[in-house]
Amino acid sequence: MALRSLLDGALLAEAYGEGTPRVLALHGWGRRGSDFAQALRGIPSLAPDLPGFGATPPPDTVYGAAEYADVISRALGLFAEPPVVVGHSFGGRVAVCLAAGNPGMVGPLVLSGVPLLRPGPTRKPSWPYRLARMANRAGLLTDERMERLRRNRGSADYRAARGVMRDILVKVISESYQEQLGRIPNRVRLVWGGNDREVPVEVAEAAARMLPSSQLEVLEGVGHFVPSEAPARLNAIIREELG
């Protein structure tokens, strides 16, 4: 395993296996390419740290999954043939946009724990929180106090994010990918943890109905982090897709 500079340093990636890479692996939010160390054992692969994570610097502006895919698409020329693209959680959002936007340049997809569909209408913030926002905009509540309120209200990912990465998180969690799913001709393997509480299996089942060619496998006793909880099975599935 070695860290490799891609795109003149715009991306830093873990390189696995020997020879020309055949697999591109995209990690989840707050994670990095090294998450795939076991799942990609013995397979020539690149697993970049996505912009803003690990060794790769953050974007200058607020990205959604499509903008992340645009960055990753510049690395497709490093592969001798369309790579198998593995996407976990947030990385799967990027993988779907990458496949939809680059027909013929991406091979089969292997997705796990990806929030592909937005679950119902989002709940509005409470009245006290909305009043606090209004007071902050009017200069009646300090930025420091408002930040404490945001951190208390937000998810663990939101509390950990800083600067542009927090704005990116807010953007991507509101995204849904029905339109992209319908445009993906690639074969798609959905590999889901049966105990995934972050992205339940029902999301994968709904996404499978929108994909022209898909196969869902539920891994019993496995949670959200399939690359680290079931690396041997994920490795076997990737090898099947490589043929």
# chains A, B, ... in the order shown; residues from 1 in each chain; ligands from 1
>>> residues_around(residues="region 219-226 of chain A", least_positions_apart="5", cutoff="10 Å", atoms="only C-alpha atoms", output="number ranges by chain")
A: 28, 35-36, 39, 88-89, 111-114, 191-200, 231-234
>>> write_last_selection(atoms="N, CA and C atoms", output="mmCIF file, in the first residue's frame")
data_model
loop_
_atom_site.group_PDB
_atom_site.id
_atom_site.type_symbol
_atom_site.label_atom_id
_atom_site.label_comp_id
_atom_site.auth_asym_id
_atom_site.auth_seq_id
_atom_site.Cartn_x
_atom_site.Cartn_y
_atom_site.Cartn_z
ATOM 1 N N GLY A 28 -16.509 6.797 2.248
ATOM 2 C CA GLY A 28 -17.633 7.520 2.836
ATOM 3 C C GLY A 28 -17.232 8.840 3.474
ATOM 4 N N ASP A 35 -9.715 2.966 4.037
ATOM 5 C CA ASP A 35 -10.829 2.120 4.480
ATOM 6 C C ASP A 35 -10.911 0.823 3.679
ATOM 7 N N PHE A 36 -10.389 0.840 2.447
ATOM 8 C CA PHE A 36 -10.521 -0.310 1.545
ATOM 9 C C PHE A 36 -9.303 -1.236 1.577
ATOM 10 N N ALA A 39 -10.492 -4.868 1.776
ATOM 11 C CA ALA A 39 -11.418 -5.222 0.703
ATOM 12 C C ALA A 39 -10.734 -5.254 -0.662
ATOM 13 N N HIS A 88 -18.703 3.479 -1.197
ATOM 14 C CA HIS A 88 -19.342 3.271 0.103
ATOM 15 C C HIS A 88 -19.925 4.588 0.604
ATOM 16 N N SER A 89 -21.185 4.564 1.010
ATOM 17 C CA SER A 89 -21.865 5.707 1.627
ATOM 18 C C SER A 89 -21.709 6.945 0.737
ATOM 19 N N LEU A 111 -21.844 -0.907 -4.873
ATOM 20 C CA LEU A 111 -22.251 0.139 -3.932
ATOM 21 C C LEU A 111 -22.678 -0.471 -2.606
ATOM 22 N N SER A 112 -22.301 0.186 -1.502
ATOM 23 C CA SER A 112 -22.734 -0.274 -0.184
ATOM 24 C C SER A 112 -23.084 0.918 0.694
ATOM 25 N N GLY A 113 -24.211 0.808 1.389
ATOM 26 C CA GLY A 113 -24.602 1.815 2.366
ATOM 27 C C GLY A 113 -24.740 3.219 1.809
ATOM 28 N N VAL A 114 -25.241 3.336 0.579
ATOM 29 C CA VAL A 114 -25.296 4.651 -0.090
ATOM 30 C C VAL A 114 -26.682 5.267 0.071
ATOM 31 N N VAL A 191 -24.482 -4.018 -2.255
ATOM 32 C CA VAL A 191 -24.009 -4.911 -1.186
ATOM 33 C C VAL A 191 -24.276 -4.214 0.138
ATOM 34 N N TRP A 192 -25.301 -4.670 0.845
ATOM 35 C CA TRP A 192 -25.818 -3.918 1.991
ATOM 36 C C TRP A 192 -25.705 -4.712 3.291
ATOM 37 N N GLY A 193 -25.367 -4.018 4.349
ATOM 38 C CA GLY A 193 -25.395 -4.636 5.661
ATOM 39 C C GLY A 193 -26.834 -4.782 6.143
ATOM 40 N N GLY A 194 -27.203 -5.990 6.557
ATOM 41 C CA GLY A 194 -28.562 -6.202 7.051
ATOM 42 C C GLY A 194 -28.864 -5.399 8.296
ATOM 43 N N ASN A 195 -27.818 -5.009 9.033
ATOM 44 C CA ASN A 195 -27.992 -4.212 10.249
ATOM 45 C C ASN A 195 -27.637 -2.742 10.045
ATOM 46 N N ASP A 196 -27.618 -2.294 8.801
ATOM 47 C CA ASP A 196 -27.291 -0.885 8.522
ATOM 48 C C ASP A 196 -28.410 -0.004 9.053
ATOM 49 N N ARG A 197 -28.101 0.793 10.064
ATOM 50 C CA ARG A 197 -29.093 1.713 10.641
ATOM 51 C C ARG A 197 -29.005 3.098 10.021
ATOM 52 N N GLU A 198 -27.878 3.414 9.399
ATOM 53 C CA GLU A 198 -27.722 4.733 8.776
ATOM 54 C C GLU A 198 -28.450 4.798 7.441
ATOM 55 N N VAL A 199 -28.321 3.730 6.645
ATOM 56 C CA VAL A 199 -28.999 3.650 5.347
ATOM 57 C C VAL A 199 -29.643 2.258 5.279
ATOM 58 N N PRO A 200 -30.888 2.132 5.699
ATOM 59 C CA PRO A 200 -31.514 0.811 5.783
ATOM 60 C C PRO A 200 -31.619 0.116 4.428
ATOM 61 N N PRO A 231 -14.905 -7.301 4.600
ATOM 62 C CA PRO A 231 -13.973 -7.061 3.493
ATOM 63 C C PRO A 231 -13.781 -8.273 2.584
ATOM 64 N N ALA A 232 -13.823 -9.479 3.149
ATOM 65 C CA ALA A 232 -13.604 -10.669 2.316
ATOM 66 C C ALA A 232 -14.722 -10.838 1.295
ATOM 67 N N ARG A 233 -15.971 -10.615 1.727
ATOM 68 C CA ARG A 233 -17.075 -10.743 0.781
ATOM 69 C C ARG A 233 -17.027 -9.638 -0.263
ATOM 70 N N LEU A 234 -16.707 -8.424 0.149
ATOM 71 C CA LEU A 234 -16.604 -7.324 -0.811
ATOM 72 C C LEU A 234 -15.481 -7.593 -1.803
#
>>> residues_around(residues="Arg118 (chain A)", least_positions_apart="3", cutoff="12 Å", atoms="only C-alpha atoms", output="PyMOL selection string")
chain A and resi 93+114-115+121-122+172-178+199+202-204+206-207
>>> atom_distance(atom1="CA of Pro21 (chain A)", atom2="CA of Pro227 (chain A)")
18.6 Å
>>> closest_residue(among="A:Glu229, A:Glu241, A:Glu14, A:Asp60", to="Gln215 (chain A)", atoms="only C-alpha atoms")
A:Glu241
>>> closest_residue(among="A:Tyr63, A:Phe79, A:Tyr16, A:Phe90", to="Leu46 (chain A)", atoms="only C-alpha atoms")
A:Tyr16
>>> residues_around(residues="Tyr68 (chain A)", least_positions_apart="4", cutoff="9 Å", atoms="only C-alpha atoms", output="short mmCIF file (atom, residue, chain, number, x, y, z; two decimals) with C-alpha atoms, in the first residue's frame")
data_model
loop_
_atom_site.label_atom_id
_atom_site.label_comp_id
_atom_site.auth_asym_id
_atom_site.auth_seq_id
_atom_site.Cartn_x
_atom_site.Cartn_y
_atom_site.Cartn_z
CA LEU A 50 -11.80 12.60 -1.73
CA PRO A 51 -11.33 16.39 -1.58
CA TYR A 63 -19.45 20.89 -3.99
CA GLY A 64 -22.28 18.42 -4.39
CA ILE A 72 -12.78 12.07 -10.05
CA SER A 73 -13.60 11.82 -13.77
CA VAL A 94 -20.15 10.25 -6.18
CA CYS A 97 -22.92 10.68 -10.59
CA LEU A 98 -19.64 9.52 -12.14
#
>>> closest_residue(among="A:Pro103, A:Gly30, A:Pro185, A:Pro58", to="Leu211 (chain A)", atoms="only C-alpha atoms")
A:Pro185
>>> select_by_dssp(residues="region 10-214 of chain A", states="helix (DSSP H, G or I)", output="PyMOL selection string")
chain A and resi 33-36+65-73+76-78+90-101+127-137+143-153+156-160+164-173+178-182+201-210
>>> select_by_dssp(residues="region 43-221 of chain A", states="strand (DSSP E)", output="PyMOL selection string")
chain A and resi 45-49+84-88+109-112+188-193+214-219
>>> write_last_selection(atoms="C-alpha atoms", output="PDB file, in the first residue's frame")
ATOM      1  CA  SER A  45      -6.761  -0.407  -7.400  1.00  0.00           C
ATOM      2  CA  LEU A  46      -6.781   3.270  -6.588  1.00  0.00           C
ATOM      3  CA  ALA A  47      -8.663   4.542  -3.541  1.00  0.00           C
ATOM      4  CA  PRO A  48      -8.378   8.337  -3.450  1.00  0.00           C
ATOM      5  CA  ASP A  49      -8.920  10.498  -0.422  1.00  0.00           C
ATOM      6  CA  VAL A  84     -15.013  -1.246 -11.590  1.00  0.00           C
ATOM      7  CA  VAL A  85     -16.111   1.595  -9.283  1.00  0.00           C
ATOM      8  CA  VAL A  86     -16.707   0.765  -5.634  1.00  0.00           C
ATOM      9  CA  GLY A  87     -18.578   3.351  -3.591  1.00  0.00           C
ATOM     10  CA  HIS A  88     -19.342   3.271   0.103  1.00  0.00           C
ATOM     11  CA  LEU A 109     -20.578  -0.375  -9.895  1.00  0.00           C
ATOM     12  CA  VAL A 110     -20.356  -1.995  -6.458  1.00  0.00           C
ATOM     13  CA  LEU A 111     -22.251   0.139  -3.932  1.00  0.00           C
ATOM     14  CA  SER A 112     -22.734  -0.274  -0.184  1.00  0.00           C
ATOM     15  CA  VAL A 188     -24.742  -2.462 -10.370  1.00  0.00           C
ATOM     16  CA  ARG A 189     -24.085  -4.678  -7.360  1.00  0.00           C
ATOM     17  CA  LEU A 190     -25.760  -3.384  -4.204  1.00  0.00           C
ATOM     18  CA  VAL A 191     -24.009  -4.911  -1.186  1.00  0.00           C
ATOM     19  CA  TRP A 192     -25.818  -3.918   1.991  1.00  0.00           C
ATOM     20  CA  GLY A 193     -25.395  -4.636   5.661  1.00  0.00           C
ATOM     21  CA  SER A 214     -28.877  -4.425 -10.587  1.00  0.00           C
ATOM     22  CA  GLN A 215     -28.404  -7.164  -8.032  1.00  0.00           C
ATOM     23  CA  LEU A 216     -28.907  -6.709  -4.283  1.00  0.00           C
ATOM     24  CA  GLU A 217     -27.089  -8.819  -1.703  1.00  0.00           C
ATOM     25  CA  VAL A 218     -27.860  -8.322   1.984  1.00  0.00           C
ATOM     26  CA  LEU A 219     -25.101  -9.318   4.403  1.00  0.00           C
TER      27      LEU A 219
END
>>> residues_around(residues="Thr61 (chain A)", least_positions_apart="5", cutoff="12 Å", atoms="only C-alpha atoms", output="list in words")
Pro51, Gly52, Glu67, Tyr68, Gly163, Val164, Met165, Arg166, Asp167, Ile168 and Lys171 of chain A
>>> residues_around(residues="Arg41 (chain A)", least_positions_apart="2", cutoff="8 Å", atoms="only C-alpha atoms", output="number ranges by chain")
A: 16-17, 37-39, 43, 235
>>> atom_distance(atom1="CA of Leu26 (chain A)", atom2="CA of Asp8 (chain A)")
19.0 Å
>>> closest_residue(among="A:Ala208, A:Leu76, A:Val23, A:Ala15", to="Arg239 (chain A)", atoms="only C-alpha atoms")
A:Val23
>>> closest_residue(among="A:Asn186, A:Thr142, A:Ser126, A:Ser228", to="Ala100 (chain A)", atoms="only C-alpha atoms")
A:Asn186
>>> closest_residue(among="A:Arg187, A:Leu116, A:Ala160, A:Glu144", to="Glu205 (chain A)", atoms="only C-alpha atoms")
A:Leu116
>>> decode(residues="region 22-64 of chain A", atoms="N, CA and C atoms", output="PDB file, in the first residue's frame")
ATOM      1  N   ARG A  22      -7.330  -1.420 -11.889  1.00  0.00           N
ATOM      2  CA  ARG A  22      -8.565  -1.845 -12.548  1.00  0.00           C
ATOM      3  C   ARG A  22      -9.799  -1.469 -11.744  1.00  0.00           C
ATOM      4  N   VAL A  23      -9.582  -0.984 -10.526  1.00  0.00           N
ATOM      5  CA  VAL A  23     -10.694  -0.650  -9.633  1.00  0.00           C
ATOM      6  C   VAL A  23     -10.471   0.746  -9.068  1.00  0.00           C
ATOM      7  N   LEU A  24     -11.553   1.499  -8.978  1.00  0.00           N
ATOM      8  CA  LEU A  24     -11.558   2.827  -8.358  1.00  0.00           C
ATOM      9  C   LEU A  24     -12.507   2.755  -7.170  1.00  0.00           C
ATOM     10  N   ALA A  25     -12.010   3.026  -5.971  1.00  0.00           N
ATOM     11  CA  ALA A  25     -12.819   2.909  -4.761  1.00  0.00           C
ATOM     12  C   ALA A  25     -12.988   4.271  -4.100  1.00  0.00           C
ATOM     13  N   LEU A  26     -14.218   4.601  -3.758  1.00  0.00           N
ATOM     14  CA  LEU A  26     -14.566   5.916  -3.216  1.00  0.00           C
ATOM     15  C   LEU A  26     -15.175   5.740  -1.822  1.00  0.00           C
ATOM     16  N   HIS A  27     -14.573   6.392  -0.855  1.00  0.00           N
ATOM     17  CA  HIS A  27     -14.913   6.185   0.555  1.00  0.00           C
ATOM     18  C   HIS A  27     -16.089   7.040   1.019  1.00  0.00           C
ATOM     19  N   GLY A  28     -16.509   6.797   2.248  1.00  0.00           N
ATOM     20  CA  GLY A  28     -17.633   7.520   2.836  1.00  0.00           C
ATOM     21  C   GLY A  28     -17.232   8.840   3.474  1.00  0.00           C
ATOM     22  N   TRP A  29     -18.248   9.560   3.952  1.00  0.00           N
ATOM     23  CA  TRP A  29     -18.029  10.870   4.565  1.00  0.00           C
ATOM     24  C   TRP A  29     -17.174  10.725   5.822  1.00  0.00           C
ATOM     25  N   GLY A  30     -16.171  11.608   5.930  1.00  0.00           N
ATOM     26  CA  GLY A  30     -15.302  11.601   7.097  1.00  0.00           C
ATOM     27  C   GLY A  30     -14.300  10.460   7.101  1.00  0.00           C
ATOM     28  N   ARG A  31     -14.227   9.692   6.037  1.00  0.00           N
ATOM     29  CA  ARG A  31     -13.344   8.546   5.958  1.00  0.00           C
ATOM     30  C   ARG A  31     -12.201   8.840   4.972  1.00  0.00           C
ATOM     31  N   ARG A  32     -11.503   7.799   4.525  1.00  0.00           N
ATOM     32  CA  ARG A  32     -10.432   7.982   3.554  1.00  0.00           C
ATOM     33  C   ARG A  32     -10.185   6.686   2.795  1.00  0.00           C
ATOM     34  N   GLY A  33      -9.312   6.750   1.771  1.00  0.00           N
ATOM     35  CA  GLY A  33      -9.100   5.601   0.899  1.00  0.00           C
ATOM     36  C   GLY A  33      -8.585   4.364   1.610  1.00  0.00           C
ATOM     37  N   SER A  34      -7.897   4.540   2.721  1.00  0.00           N
ATOM     38  CA  SER A  34      -7.370   3.400   3.464  1.00  0.00           C
ATOM     39  C   SER A  34      -8.461   2.516   4.041  1.00  0.00           C
ATOM     40  N   ASP A  35      -9.715   2.966   4.037  1.00  0.00           N
ATOM     41  CA  ASP A  35     -10.829   2.120   4.480  1.00  0.00           C
ATOM     42  C   ASP A  35     -10.911   0.823   3.679  1.00  0.00           C
ATOM     43  N   PHE A  36     -10.389   0.840   2.447  1.00  0.00           N
ATOM     44  CA  PHE A  36     -10.521  -0.310   1.545  1.00  0.00           C
ATOM     45  C   PHE A  36      -9.303  -1.236   1.577  1.00  0.00           C
ATOM     46  N   ALA A  37      -8.409  -1.064   2.550  1.00  0.00           N
ATOM     47  CA  ALA A  37      -7.164  -1.826   2.572  1.00  0.00           C
ATOM     48  C   ALA A  37      -7.404  -3.331   2.520  1.00  0.00           C
ATOM     49  N   GLN A  38      -8.365  -3.824   3.276  1.00  0.00           N
ATOM     50  CA  GLN A  38      -8.641  -5.260   3.292  1.00  0.00           C
ATOM     51  C   GLN A  38      -9.510  -5.673   2.107  1.00  0.00           C
ATOM     52  N   ALA A  39     -10.492  -4.868   1.776  1.00  0.00           N
ATOM     53  CA  ALA A  39     -11.418  -5.222   0.703  1.00  0.00           C
ATOM     54  C   ALA A  39     -10.734  -5.254  -0.662  1.00  0.00           C
ATOM     55  N   LEU A  40      -9.639  -4.502  -0.825  1.00  0.00           N
ATOM     56  CA  LEU A  40      -8.949  -4.441  -2.118  1.00  0.00           C
ATOM     57  C   LEU A  40      -7.640  -5.225  -2.114  1.00  0.00           C
ATOM     58  N   ARG A  41      -7.449  -6.048  -1.103  1.00  0.00           N
ATOM     59  CA  ARG A  41      -6.203  -6.804  -1.001  1.00  0.00           C
ATOM     60  C   ARG A  41      -5.977  -7.634  -2.274  1.00  0.00           C
ATOM     61  N   GLY A  42      -4.797  -7.452  -2.888  1.00  0.00           N
ATOM     62  CA  GLY A  42      -4.426  -8.223  -4.059  1.00  0.00           C
ATOM     63  C   GLY A  42      -5.054  -7.771  -5.360  1.00  0.00           C
ATOM     64  N   ILE A  43      -5.803  -6.666  -5.353  1.00  0.00           N
ATOM     65  CA  ILE A  43      -6.481  -6.179  -6.558  1.00  0.00           C
ATOM     66  C   ILE A  43      -5.843  -4.845  -6.971  1.00  0.00           C
ATOM     67  N   PRO A  44      -5.346  -4.701  -8.192  1.00  0.00           N
ATOM     68  CA  PRO A  44      -4.778  -3.416  -8.615  1.00  0.00           C
ATOM     69  C   PRO A  44      -5.857  -2.315  -8.572  1.00  0.00           C
ATOM     70  N   SER A  45      -5.681  -1.363  -7.680  1.00  0.00           N
ATOM     71  CA  SER A  45      -6.761  -0.407  -7.400  1.00  0.00           C
ATOM     72  C   SER A  45      -6.195   0.937  -6.983  1.00  0.00           C
ATOM     73  N   LEU A  46      -7.036   1.942  -7.147  1.00  0.00           N
ATOM     74  CA  LEU A  46      -6.781   3.270  -6.588  1.00  0.00           C
ATOM     75  C   LEU A  46      -7.954   3.631  -5.681  1.00  0.00           C
ATOM     76  N   ALA A  47      -7.635   4.109  -4.489  1.00  0.00           N
ATOM     77  CA  ALA A  47      -8.663   4.542  -3.541  1.00  0.00           C
ATOM     78  C   ALA A  47      -8.310   5.950  -3.073  1.00  0.00           C
ATOM     79  N   PRO A  48      -8.766   6.969  -3.804  1.00  0.00           N
ATOM     80  CA  PRO A  48      -8.378   8.337  -3.450  1.00  0.00           C
ATOM     81  C   PRO A  48      -9.021   8.815  -2.156  1.00  0.00           C
ATOM     82  N   ASP A  49      -8.305   9.689  -1.468  1.00  0.00           N
ATOM     83  CA  ASP A  49      -8.920  10.498  -0.422  1.00  0.00           C
ATOM     84  C   ASP A  49      -9.689  11.597  -1.152  1.00  0.00           C
ATOM     85  N   LEU A  50     -11.001  11.590  -1.035  1.00  0.00           N
ATOM     86  CA  LEU A  50     -11.801  12.598  -1.730  1.00  0.00           C
ATOM     87  C   LEU A  50     -11.479  13.992  -1.200  1.00  0.00           C
ATOM     88  N   PRO A  51     -11.671  15.032  -2.014  1.00  0.00           N
ATOM     89  CA  PRO A  51     -11.333  16.391  -1.582  1.00  0.00           C
ATOM     90  C   PRO A  51     -11.963  16.749  -0.236  1.00  0.00           C
ATOM     91  N   GLY A  52     -11.097  17.194   0.692  1.00  0.00           N
ATOM     92  CA  GLY A  52     -11.550  17.565   2.023  1.00  0.00           C
ATOM     93  C   GLY A  52     -11.397  16.472   3.052  1.00  0.00           C
ATOM     94  N   PHE A  53     -10.878  15.293   2.634  1.00  0.00           N
ATOM     95  CA  PHE A  53     -10.719  14.166   3.547  1.00  0.00           C
ATOM     96  C   PHE A  53      -9.306  13.604   3.434  1.00  0.00           C
ATOM     97  N   GLY A  54      -8.804  13.059   4.536  1.00  0.00           N
ATOM     98  CA  GLY A  54      -7.484  12.455   4.517  1.00  0.00           C
ATOM     99  C   GLY A  54      -6.419  13.440   4.082  1.00  0.00           C
ATOM    100  N   ALA A  55      -5.611  13.050   3.089  1.00  0.00           N
ATOM    101  CA  ALA A  55      -4.487  13.867   2.651  1.00  0.00           C
ATOM    102  C   ALA A  55      -4.837  14.853   1.545  1.00  0.00           C
ATOM    103  N   THR A  56      -6.070  14.789   1.018  1.00  0.00           N
ATOM    104  CA  THR A  56      -6.452  15.658  -0.105  1.00  0.00           C
ATOM    105  C   THR A  56      -7.078  16.953   0.420  1.00  0.00           C
ATOM    106  N   PRO A  57      -6.611  18.101  -0.041  1.00  0.00           N
ATOM    107  CA  PRO A  57      -7.161  19.373   0.454  1.00  0.00           C
ATOM    108  C   PRO A  57      -8.621  19.557   0.066  1.00  0.00           C
ATOM    109  N   PRO A  58      -9.341  20.381   0.825  1.00  0.00           N
ATOM    110  CA  PRO A  58     -10.765  20.598   0.532  1.00  0.00           C
ATOM    111  C   PRO A  58     -10.960  21.462  -0.709  1.00  0.00           C
ATOM    112  N   PRO A  59     -12.170  21.413  -1.287  1.00  0.00           N
ATOM    113  CA  PRO A  59     -12.473  22.292  -2.426  1.00  0.00           C
ATOM    114  C   PRO A  59     -12.489  23.757  -1.987  1.00  0.00           C
ATOM    115  N   ASP A  60     -12.367  24.633  -2.970  1.00  0.00           N
ATOM    116  CA  ASP A  60     -12.455  26.067  -2.691  1.00  0.00           C
ATOM    117  C   ASP A  60     -13.899  26.533  -2.586  1.00  0.00           C
ATOM    118  N   THR A  61     -14.824  25.779  -3.186  1.00  0.00           N
ATOM    119  CA  THR A  61     -16.231  26.152  -3.186  1.00  0.00           C
ATOM    120  C   THR A  61     -17.065  24.964  -2.725  1.00  0.00           C
ATOM    121  N   VAL A  62     -18.359  25.203  -2.567  1.00  0.00           N
ATOM    122  CA  VAL A  62     -19.259  24.159  -2.082  1.00  0.00           C
ATOM    123  C   VAL A  62     -19.573  23.186  -3.214  1.00  0.00           C
ATOM    124  N   TYR A  63     -19.206  21.947  -3.023  1.00  0.00           N
ATOM    125  CA  TYR A  63     -19.454  20.887  -3.988  1.00  0.00           C
ATOM    126  C   TYR A  63     -20.678  20.066  -3.582  1.00  0.00           C
ATOM    127  N   GLY A  64     -21.360  19.517  -4.588  1.00  0.00           N
ATOM    128  CA  GLY A  64     -22.282  18.420  -4.387  1.00  0.00           C
ATOM    129  C   GLY A  64     -21.626  17.159  -4.935  1.00  0.00           C
TER     130      GLY A  64
END
